[in-house]
Each structure stands twice: as C-alpha cells, then as structure tokens.
$ cat run.txt   # compact mmCIF, C-alpha atoms
# COMPACT_ATOMS: atom_id res chain seq x y z
CA MET A 1 0.00 0.00 0.00
CA SER A 2 1.14 3.50 -0.73
CA SER A 3 2.00 5.99 2.00
CA ARG A 4 -0.63 8.56 2.88
CA ARG A 5 1.92 11.37 3.08
CA GLY A 6 2.54 13.26 -0.13
CA SER A 7 5.05 16.03 -0.73
CA SER A 8 2.94 19.08 0.07
CA ARG A 9 5.25 22.05 0.32
CA GLY A 10 3.12 24.64 -1.47
CA ALA A 11 -0.28 24.15 0.11
CA ARG A 12 1.01 23.00 3.50
CA GLN A 13 2.94 26.21 4.16
CA LEU A 14 -0.15 27.68 5.79
CA PHE A 15 0.09 25.07 8.55
CA ASN A 16 3.84 25.07 9.06
CA SER A 17 4.02 28.39 10.91
CA THR A 18 2.12 27.22 13.98
CA GLU A 19 1.65 24.21 16.19
CA ASP A 20 -1.61 25.71 17.46
CA ARG A 21 -4.47 23.51 16.22
CA GLN A 22 -6.97 26.21 17.25
CA GLY A 23 -6.28 27.67 13.84
CA SER A 24 -5.37 31.30 14.56
CA THR A 25 -2.77 31.46 11.78
CA THR A 26 -5.03 29.70 9.29
CA SER A 27 -7.99 31.94 10.19
CA LEU A 28 -5.83 34.99 9.58
CA PHE A 29 -4.73 33.55 6.26
CA VAL A 30 -8.37 33.05 5.20
CA LYS A 31 -9.43 36.53 6.37
CA ASN A 32 -6.61 38.23 4.48
CA HIS A 33 -6.84 36.14 1.34
CA LYS A 34 -8.07 38.31 -1.55
CA ASN A 35 -8.30 35.66 -4.24
CA PRO A 36 -11.01 33.01 -3.65
CA ASP A 37 -9.90 30.98 -6.67
CA HIS A 38 -6.37 30.74 -5.33
CA LEU A 39 -7.63 29.78 -1.87
CA LEU A 40 -9.79 27.04 -3.41
CA SER A 41 -6.76 25.77 -5.33
CA GLN A 42 -4.85 25.59 -2.01
CA ILE A 43 -7.61 23.45 -0.49
CA GLU A 44 -7.79 21.24 -3.60
CA ALA A 45 -4.01 20.76 -3.47
CA LEU A 46 -4.20 19.63 0.15
CA TYR A 47 -6.92 17.16 -0.72
CA LEU A 48 -4.95 15.72 -3.62
CA GLN A 49 -1.96 15.39 -1.28
CA ASN A 50 -4.10 13.28 1.08
CA GLN A 51 -4.15 15.89 3.83
CA THR A 52 -7.80 15.38 4.73
CA ALA A 53 -7.53 16.63 8.31
CA GLU A 54 -5.96 19.88 7.07
CA VAL A 55 -8.70 20.24 4.43
CA LEU A 56 -11.37 20.02 7.14
CA HIS A 57 -9.46 22.48 9.31
CA LEU A 58 -9.07 25.01 6.52
CA ILE A 59 -12.70 24.74 5.38
CA ASP A 60 -13.82 25.29 8.99
CA CYS A 61 -11.84 28.54 8.90
CA VAL A 62 -13.42 29.50 5.59
CA ILE A 63 -16.90 28.97 7.06
CA GLU A 64 -16.02 30.84 10.25
CA ASN A 65 -14.71 33.84 8.33
CA ASN A 66 -17.55 34.04 5.78
CA SER A 67 -15.19 33.78 2.85
CA ASP A 68 -16.38 34.48 -0.69
CA LEU A 69 -15.68 30.78 -1.26
CA LEU A 70 -19.04 30.04 0.38
CA ASN A 71 -20.57 30.83 -3.02
CA THR A 72 -18.43 28.16 -4.69
CA PRO A 73 -20.00 24.71 -5.20
CA GLU A 74 -16.55 23.09 -5.51
CA LEU A 75 -15.81 23.99 -1.89
CA PHE A 76 -18.89 22.16 -0.64
CA VAL A 77 -18.07 19.09 -2.73
CA LEU A 78 -14.55 19.03 -1.29
CA HIS A 79 -15.98 19.44 2.20
CA ALA A 80 -18.36 16.53 1.63
CA LYS A 81 -15.54 14.29 0.37
CA ALA A 82 -13.35 15.10 3.36
CA LEU A 83 -16.24 14.55 5.79
CA ILE A 84 -17.00 11.14 4.27
CA GLU A 85 -13.35 10.15 4.59
CA PHE A 86 -13.28 11.14 8.26
CA HIS A 87 -16.84 10.44 9.43
CA GLY A 88 -18.53 8.27 6.81
CA PHE A 89 -21.77 8.81 4.92
CA GLY A 90 -23.45 11.11 7.43
CA TYR A 91 -25.90 13.99 7.48
CA THR A 92 -23.28 16.74 7.54
CA ALA A 93 -21.54 15.50 4.41
CA GLU A 94 -24.87 15.08 2.62
CA SER A 95 -25.91 18.62 3.55
CA GLN A 96 -22.72 19.94 1.94
CA LEU A 97 -23.65 18.19 -1.30
CA SER A 98 -27.13 19.68 -1.13
CA GLN A 99 -25.61 23.14 -0.80
CA ALA A 100 -23.32 22.49 -3.78
CA LEU A 101 -26.34 21.49 -5.89
CA ILE A 102 -28.26 24.59 -4.82
CA LEU A 103 -25.37 26.69 -6.12
CA ASP A 104 -24.97 24.57 -9.26
CA PRO A 105 -27.67 21.97 -10.03
CA GLN A 106 -25.45 20.61 -12.83
CA ALA A 107 -22.45 19.89 -10.58
CA SER A 108 -21.62 16.36 -11.72
CA SER A 109 -19.24 15.56 -8.84
CA ALA A 110 -21.94 16.47 -6.32
CA THR A 111 -24.54 14.40 -8.20
CA GLU A 112 -22.25 11.35 -8.26
CA LEU A 113 -21.72 11.51 -4.51
CA GLN A 114 -25.40 12.14 -3.90
CA ASN A 115 -26.17 8.94 -5.82
CA LEU A 116 -23.86 7.07 -3.43
CA PHE A 117 -25.75 8.56 -0.49
CA ALA A 118 -28.96 7.20 -2.02
CA LEU A 119 -27.36 3.73 -2.18
CA HIS A 120 -26.15 4.14 1.40
CA ASP A 121 -29.74 4.83 2.48
CA GLU A 122 -31.02 1.82 0.52
CA LEU A 123 -28.44 -0.41 2.20
CA ARG A 124 -29.53 0.93 5.57
CA ASP A 125 -33.10 -0.01 4.63
CA GLY A 126 -32.04 -3.58 3.86
CA LEU A 127 -32.06 -3.52 0.05
CA TYR A 128 -28.82 -5.48 -0.04
CA ALA A 129 -29.00 -7.44 -3.29
CA SER A 130 -30.02 -4.54 -5.55
CA CYS A 131 -27.50 -2.15 -3.97
CA GLU A 132 -24.66 -4.65 -4.21
CA GLU A 133 -25.49 -5.05 -7.90
CA LYS A 134 -25.63 -1.27 -8.46
CA LEU A 135 -22.32 -0.74 -6.69
CA GLY A 136 -20.75 -3.56 -8.66
CA GLU A 137 -21.89 -1.98 -11.94
CA LEU A 138 -20.65 1.42 -10.80
CA LEU A 139 -17.22 -0.02 -9.99
CA LYS A 140 -17.01 -1.72 -13.37
CA LYS A 141 -17.40 1.72 -14.96
CA ASP A 142 -15.22 3.51 -12.40
CA PRO A 143 -12.94 1.04 -10.55
CA LYS A 144 -11.07 3.92 -8.90
CA ASN A 145 -14.10 5.31 -7.07
CA ALA A 146 -12.78 5.17 -3.50
CA PHE A 147 -16.14 6.15 -2.02
CA ALA A 148 -18.01 3.33 -3.79
CA LEU A 149 -15.26 0.90 -2.78
CA PHE A 150 -15.61 1.97 0.84
CA LEU A 151 -19.41 1.82 0.79
CA LEU A 152 -19.43 -1.69 -0.67
CA GLY A 153 -16.53 -2.94 1.48
CA ASN A 154 -18.04 -1.58 4.67
CA HIS A 155 -21.39 -3.14 3.83
CA LEU A 156 -19.84 -6.54 3.09
CA LEU A 157 -17.87 -6.42 6.34
CA TRP A 158 -20.68 -5.54 8.72
CA LYS A 159 -23.84 -6.81 7.03
CA THR A 160 -22.99 -9.92 5.01
CA GLY A 161 -19.89 -11.26 6.73
CA SER A 162 -18.00 -11.48 3.41
CA THR A 163 -14.82 -10.37 5.12
CA GLN A 164 -12.31 -11.39 2.45
CA GLU A 165 -14.23 -9.60 -0.28
CA ALA A 166 -14.61 -6.59 2.00
CA ILE A 167 -10.84 -6.50 2.51
CA GLN A 168 -10.27 -6.42 -1.25
CA HIS A 169 -12.52 -3.37 -1.68
CA LEU A 170 -11.23 -1.56 1.40
CA GLU A 171 -7.59 -2.11 0.45
CA LYS A 172 -8.29 -0.53 -2.93
CA ALA A 173 -10.04 2.40 -1.23
CA VAL A 174 -7.07 3.25 1.01
CA GLU A 175 -4.64 2.70 -1.86
CA LEU A 176 -6.52 5.34 -3.86
CA ARG A 177 -7.11 7.66 -0.88
CA PRO A 178 -4.47 6.93 1.79
CA SER A 179 -6.05 9.49 4.13
CA PHE A 180 -9.47 7.77 4.05
CA LEU A 181 -9.76 7.28 7.81
CA LYS A 182 -13.10 5.45 7.86
CA ALA A 183 -11.86 2.99 5.25
CA TRP A 184 -8.76 2.33 7.37
CA VAL A 185 -10.95 1.69 10.43
CA SER A 186 -13.11 -0.81 8.55
CA LEU A 187 -10.02 -2.43 7.02
CA ALA A 188 -8.40 -2.82 10.45
CA MET A 189 -11.55 -4.48 11.79
CA ALA A 190 -11.73 -6.75 8.73
CA TYR A 191 -8.13 -7.84 9.20
CA LYS A 192 -8.85 -8.51 12.86
CA LYS A 193 -11.92 -10.59 12.01
CA ASN A 194 -9.82 -12.66 9.59
CA HIS A 195 -7.09 -13.14 12.22
CA LEU A 196 -4.60 -11.14 10.12
CA PHE A 197 -3.23 -9.57 13.27
CA VAL A 198 -0.01 -8.05 11.90
CA MET A 199 -1.94 -6.31 9.15
CA ALA A 200 -4.62 -5.26 11.65
CA GLU A 201 -1.94 -3.71 13.84
CA GLN A 202 -0.55 -1.73 10.91
CA ALA A 203 -4.03 -0.52 9.95
CA PHE A 204 -4.90 0.55 13.51
CA GLN A 205 -1.58 2.41 13.72
CA GLU A 206 -2.55 4.23 10.52
CA CYS A 207 -5.87 5.18 12.12
CA ILE A 208 -4.03 6.63 15.11
CA SER A 209 -1.75 8.68 12.87
CA LEU A 210 -4.70 10.02 10.84
CA ASP A 211 -7.23 10.76 13.57
CA PRO A 212 -6.51 13.75 15.87
CA ASN A 213 -9.43 12.88 18.18
CA PRO A 214 -8.00 11.59 21.52
CA ASN A 215 -11.12 9.55 22.27
CA GLN A 216 -10.92 7.81 18.93
CA GLN A 217 -7.20 7.20 19.40
CA SER A 218 -8.02 5.47 22.69
CA PHE A 219 -10.52 3.29 20.82
CA TYR A 220 -7.89 2.22 18.28
CA LYS A 221 -5.31 1.59 21.01
CA THR A 222 -7.79 -0.64 22.88
CA HIS A 223 -8.17 -2.76 19.77
CA LEU A 224 -4.40 -2.83 19.33
CA GLN A 225 -3.91 -4.12 22.84
CA ALA A 226 -6.48 -6.86 22.23
CA LEU A 227 -4.68 -8.27 19.18

$ encode --input "run.txt" --output "structure tokens"
Amino acid sequence: MSSRRGSSRGARQLFNSTEDRQGSTTSLFVKNHKNPDHLLSQIEALYLQNQTAEVLHLIDCVIENNSDLLNTPELFVLHAKALIEFHGFGYTAESQLSQALILDPQASSATELQNLFALHDELRDGLYASCEEKLGELLKKDPKNAFALFLLGNHLLWKTGSTQEAIQHLEKAVELRPSFLKAWVSLAMAYKKNHLFVMAEQAFQECISLDPNPNQQSFYKTHLQAL
C-alpha cells in the first residue's frame, strides 16, 4: 500500500508556521486572502496530497470567516468528500452536497456523490442485493471510485460477513485515498476478524496517525492491545 503522506510544500505552508491547532494562523490567512480561486486551489491541493484533516481544518476557517468561497460549489463538494473520509456517509456531508447542488444543479461531482448517499440509504433499509449489484456496476465503470469501494466494502464487512471480499474493496479504497480514515478503520476491523493480526496492527496504527481525536485514538489503542 502506498504511503498517505505526499510532498505538500506549497499548500502546506499555511500550517507550518504554527503548532496551534486552534487555527489562529489559518484563520488569519483566510481573512486576508483576496483571491477566492487561489484559496480554493490551495484546499484542492491539500486534498490531492491526502491531507484530509488539514482540508477540514481550513474549510472550517473558511466557514467561520464568511469567505467568498461560500458561493463556490466546488468547496462544498470538497468538504463533503473530506467529511465522508473522516466520518462516513453522514448527514453533515450530505448537507454539503445539497448546498453544492443549490449553487450549481449541474455539478456532476456532487450528483455522483449524492447517488452514493442514495445507495447508502437503501443499504440501511435492507435492500442489499439490488445495492450490491448497483455498486458492482458502478465499480465496473469507475474502478477507482474510492467512495463506492468503501461503501461496498463496509457493507460486506458488517452486514454480510463477506470479510475477504470486504478486505479487497477496502484495500483498494485506502490505496486510492491513503487518508481515508473510515476505510482504514473498517479495514483494520476486517483484518482482525480474519485473524490477520499483523496487518490489523498496521491498519490501527494508521488510524491513530490520521485521527486527531484523543477519544478515537483510545478506541484504536484498545483494539491494538487486544490483538
């Protein structure tokens, strides 16, 4: 598997000047930034460099400071992607997609993710066979769709018990998006279920390195100690 850490000198300079995770330096950067397009390109660069936590941090500052970027559908799509990677298919991420589509009803990237949310809801309602088929067809057309890989892998892990197949999808998801925290969590649990304890340990360690939440880190460490 590839490393999650890309070379990120340009975009990451905004975070290098402070160790303060309260975001004072970043907030000042957002307030003083006069070019919304350039600021969006900075956020996009961080996302492409697999710096999902920093993307969420910077977008929080954008929202707090009422940046002109709040009229940009691309920002809300990026926010939704980062939220899915860190928190899964939840209400907050879906609301960001809705906002993107209000700003631009033709935003194809938002529509594609919204379709995955619809499949997520169908899976939650127990429509397993039809959703598995739809996700399989989607992945035939777009085998590098990390979000579809995660949705299918997570479903197979927790709902059908097809752990080996789940591992295959989840491994592809984290290979494509090495900062996909929720995929790493599911992959670690899948390895553990299959008694692949060395690989489970590595995956839980990756979760710890990605997740800044102390409570979640304690959760991962508890699983590590139980291996």

$ residues_near_point --input "run.txt" --point "(-2.4, 11.8, 12.0)" --cutoff "12 Å" --atoms "all atoms listed in the file" --output "list in words"
Arg4, Arg5, Asn50, Gln51, Thr52, Ala53, Glu54, Phe86, Pro178, Ser179, Phe180, Leu181, Phe204, Gln205, Glu206, Cys207, Ile208, Ser209, Leu210, Asp211, Pro212, Asn213, Pro214, Gln216 and Gln217 of chain A

$ closest_residue --input "run.txt" --among "A:Glu85, A:Asp142, A:Glu137, A:Asp104" --to "Ala183 (chain A)" --atoms "all atoms listed in the file"
A:Glu85

$ residues_around --input "run.txt" --residues "Glu165 (chain A)" --least-positions-apart "6" --cutoff "10 Å" --atoms "all atoms listed in the file" --output "list in words"
Leu152, Gly153, Leu156, Leu157 and Ala190 of chain A

$ closest_residue --input "run.txt" --among "A:Lys81, A:His195, A:His223, A:Arg124" --to "Ala148 (chain A)" --atoms "all atoms listed in the file"
A:Lys81

$ closest_residue --input "run.txt" --among "A:Ala107, A:Ala80, A:Leu196, A:Ala146" --to "Val174 (chain A)" --atoms "all atoms listed in the file"
A:Ala146

$ atom_distance --input "run.txt" --atom1 "CA of Leu151 (chain A)" --atom2 "CA of Leu103 (chain A)"
26.5 Å

$ closest_residue --input "run.txt" --among "A:Lys134, A:His120, A:Lys193, A:Arg177" --to "Gly88 (chain A)" --atoms "all atoms listed in the file"
A:His120

$ atom_distance --input "run.txt" --atom1 "CA of Tyr191 (chain A)" --atom2 "CA of Ile84 (chain A)"
21.5 Å

$ atom_distance --input "run.txt" --atom1 "CA of Thr163 (chain A)" --atom2 "CA of Glu175 (chain A)"
18.0 Å

$ closest_residue --input "run.txt" --among "A:Leu127, A:Leu56, A:Leu69, A:Met189" --to "His38 (chain A)" --atoms "only C-alpha atoms"
A:Leu69

$ residues_near_point --input "run.txt" --point "(-22.5, 24.4, -4.1)" --cutoff "9 Å" --atoms "all atoms listed in the file" --output "PyMOL selection string"
chain A and resi 70-77+96-105+107+110

$ closest_residue --input "run.txt" --among "A:Leu78, A:Ala45, A:Cys61, A:Val198" --to "Ser109 (chain A)" --atoms "only C-alpha atoms"
A:Leu78

$ decode --input "run.txt" --residues "region 161-180 of chain A" --atoms "N, CA and C atoms" --output "PDB file, in the first residue's frame"
ATOM      1  N   GLY A 161     -20.925 -10.379   6.218  1.00  0.00           N
ATOM      2  CA  GLY A 161     -19.886 -11.264   6.725  1.00  0.00           C
ATOM      3  C   GLY A 161     -18.897 -11.729   5.673  1.00  0.00           C
ATOM      4  N   SER A 162     -18.945 -11.112   4.486  1.00  0.00           N
ATOM      5  CA  SER A 162     -18.004 -11.478   3.409  1.00  0.00           C
ATOM      6  C   SER A 162     -16.689 -10.735   3.630  1.00  0.00           C
ATOM      7  N   THR A 163     -15.965 -11.151   4.653  1.00  0.00           N
ATOM      8  CA  THR A 163     -14.817 -10.371   5.117  1.00  0.00           C
ATOM      9  C   THR A 163     -13.704 -10.298   4.088  1.00  0.00           C
ATOM     10  N   GLN A 164     -13.412 -11.396   3.419  1.00  0.00           N
ATOM     11  CA  GLN A 164     -12.313 -11.391   2.455  1.00  0.00           C
ATOM     12  C   GLN A 164     -12.619 -10.466   1.279  1.00  0.00           C
ATOM     13  N   GLU A 165     -13.844 -10.502   0.801  1.00  0.00           N
ATOM     14  CA  GLU A 165     -14.235  -9.601  -0.283  1.00  0.00           C
ATOM     15  C   GLU A 165     -14.216  -8.152   0.198  1.00  0.00           C
ATOM     16  N   ALA A 166     -14.650  -7.949   1.437  1.00  0.00           N
ATOM     17  CA  ALA A 166     -14.610  -6.593   2.004  1.00  0.00           C
ATOM     18  C   ALA A 166     -13.181  -6.070   2.036  1.00  0.00           C
ATOM     19  N   ILE A 167     -12.252  -6.911   2.446  1.00  0.00           N
ATOM     20  CA  ILE A 167     -10.843  -6.504   2.508  1.00  0.00           C
ATOM     21  C   ILE A 167     -10.350  -6.051   1.142  1.00  0.00           C
ATOM     22  N   GLN A 168     -10.715  -6.774   0.101  1.00  0.00           N
ATOM     23  CA  GLN A 168     -10.269  -6.419  -1.246  1.00  0.00           C
ATOM     24  C   GLN A 168     -10.735  -5.010  -1.629  1.00  0.00           C
ATOM     25  N   HIS A 169     -11.988  -4.697  -1.341  1.00  0.00           N
ATOM     26  CA  HIS A 169     -12.521  -3.369  -1.684  1.00  0.00           C
ATOM     27  C   HIS A 169     -11.905  -2.283  -0.811  1.00  0.00           C
ATOM     28  N   LEU A 170     -11.767  -2.568   0.480  1.00  0.00           N
ATOM     29  CA  LEU A 170     -11.234  -1.556   1.401  1.00  0.00           C
ATOM     30  C   LEU A 170      -9.759  -1.289   1.145  1.00  0.00           C
ATOM     31  N   GLU A 171      -8.999  -2.324   0.793  1.00  0.00           N
ATOM     32  CA  GLU A 171      -7.594  -2.113   0.450  1.00  0.00           C
ATOM     33  C   GLU A 171      -7.459  -1.201  -0.768  1.00  0.00           C
ATOM     34  N   LYS A 172      -8.326  -1.389  -1.744  1.00  0.00           N
ATOM     35  CA  LYS A 172      -8.290  -0.525  -2.929  1.00  0.00           C
ATOM     36  C   LYS A 172      -8.651   0.908  -2.550  1.00  0.00           C
ATOM     37  N   ALA A 173      -9.616   1.062  -1.640  1.00  0.00           N
ATOM     38  CA  ALA A 173     -10.041   2.404  -1.227  1.00  0.00           C
ATOM     39  C   ALA A 173      -8.897   3.178  -0.581  1.00  0.00           C
ATOM     40  N   VAL A 174      -8.157   2.526   0.334  1.00  0.00           N
ATOM     41  CA  VAL A 174      -7.070   3.247   1.007  1.00  0.00           C
ATOM     42  C   VAL A 174      -5.847   3.395   0.106  1.00  0.00           C
ATOM     43  N   GLU A 175      -5.720   2.519  -0.896  1.00  0.00           N
ATOM     44  CA  GLU A 175      -4.645   2.702  -1.863  1.00  0.00           C
ATOM     45  C   GLU A 175      -4.898   3.951  -2.698  1.00  0.00           C
ATOM     46  N   LEU A 176      -6.156   4.167  -3.061  1.00  0.00           N
ATOM     47  CA  LEU A 176      -6.521   5.340  -3.857  1.00  0.00           C
ATOM     48  C   LEU A 176      -6.530   6.613  -3.024  1.00  0.00           C
ATOM     49  N   ARG A 177      -7.019   6.501  -1.772  1.00  0.00           N
ATOM     50  CA  ARG A 177      -7.110   7.655  -0.882  1.00  0.00           C
ATOM     51  C   ARG A 177      -6.483   7.273   0.458  1.00  0.00           C
ATOM     52  N   PRO A 178      -5.156   7.382   0.568  1.00  0.00           N
ATOM     53  CA  PRO A 178      -4.471   6.933   1.788  1.00  0.00           C
ATOM     54  C   PRO A 178      -4.881   7.666   3.065  1.00  0.00           C
ATOM     55  N   SER A 179      -5.592   8.792   2.931  1.00  0.00           N
ATOM     56  CA  SER A 179      -6.051   9.495   4.134  1.00  0.00           C
ATOM     57  C   SER A 179      -7.516   9.192   4.459  1.00  0.00           C
ATOM     58  N   PHE A 180      -8.069   8.134   3.861  1.00  0.00           N
ATOM     59  CA  PHE A 180      -9.474   7.766   4.052  1.00  0.00           C
ATOM     60  C   PHE A 180      -9.605   7.044   5.398  1.00  0.00           C
TER      61      PHE A 180
END
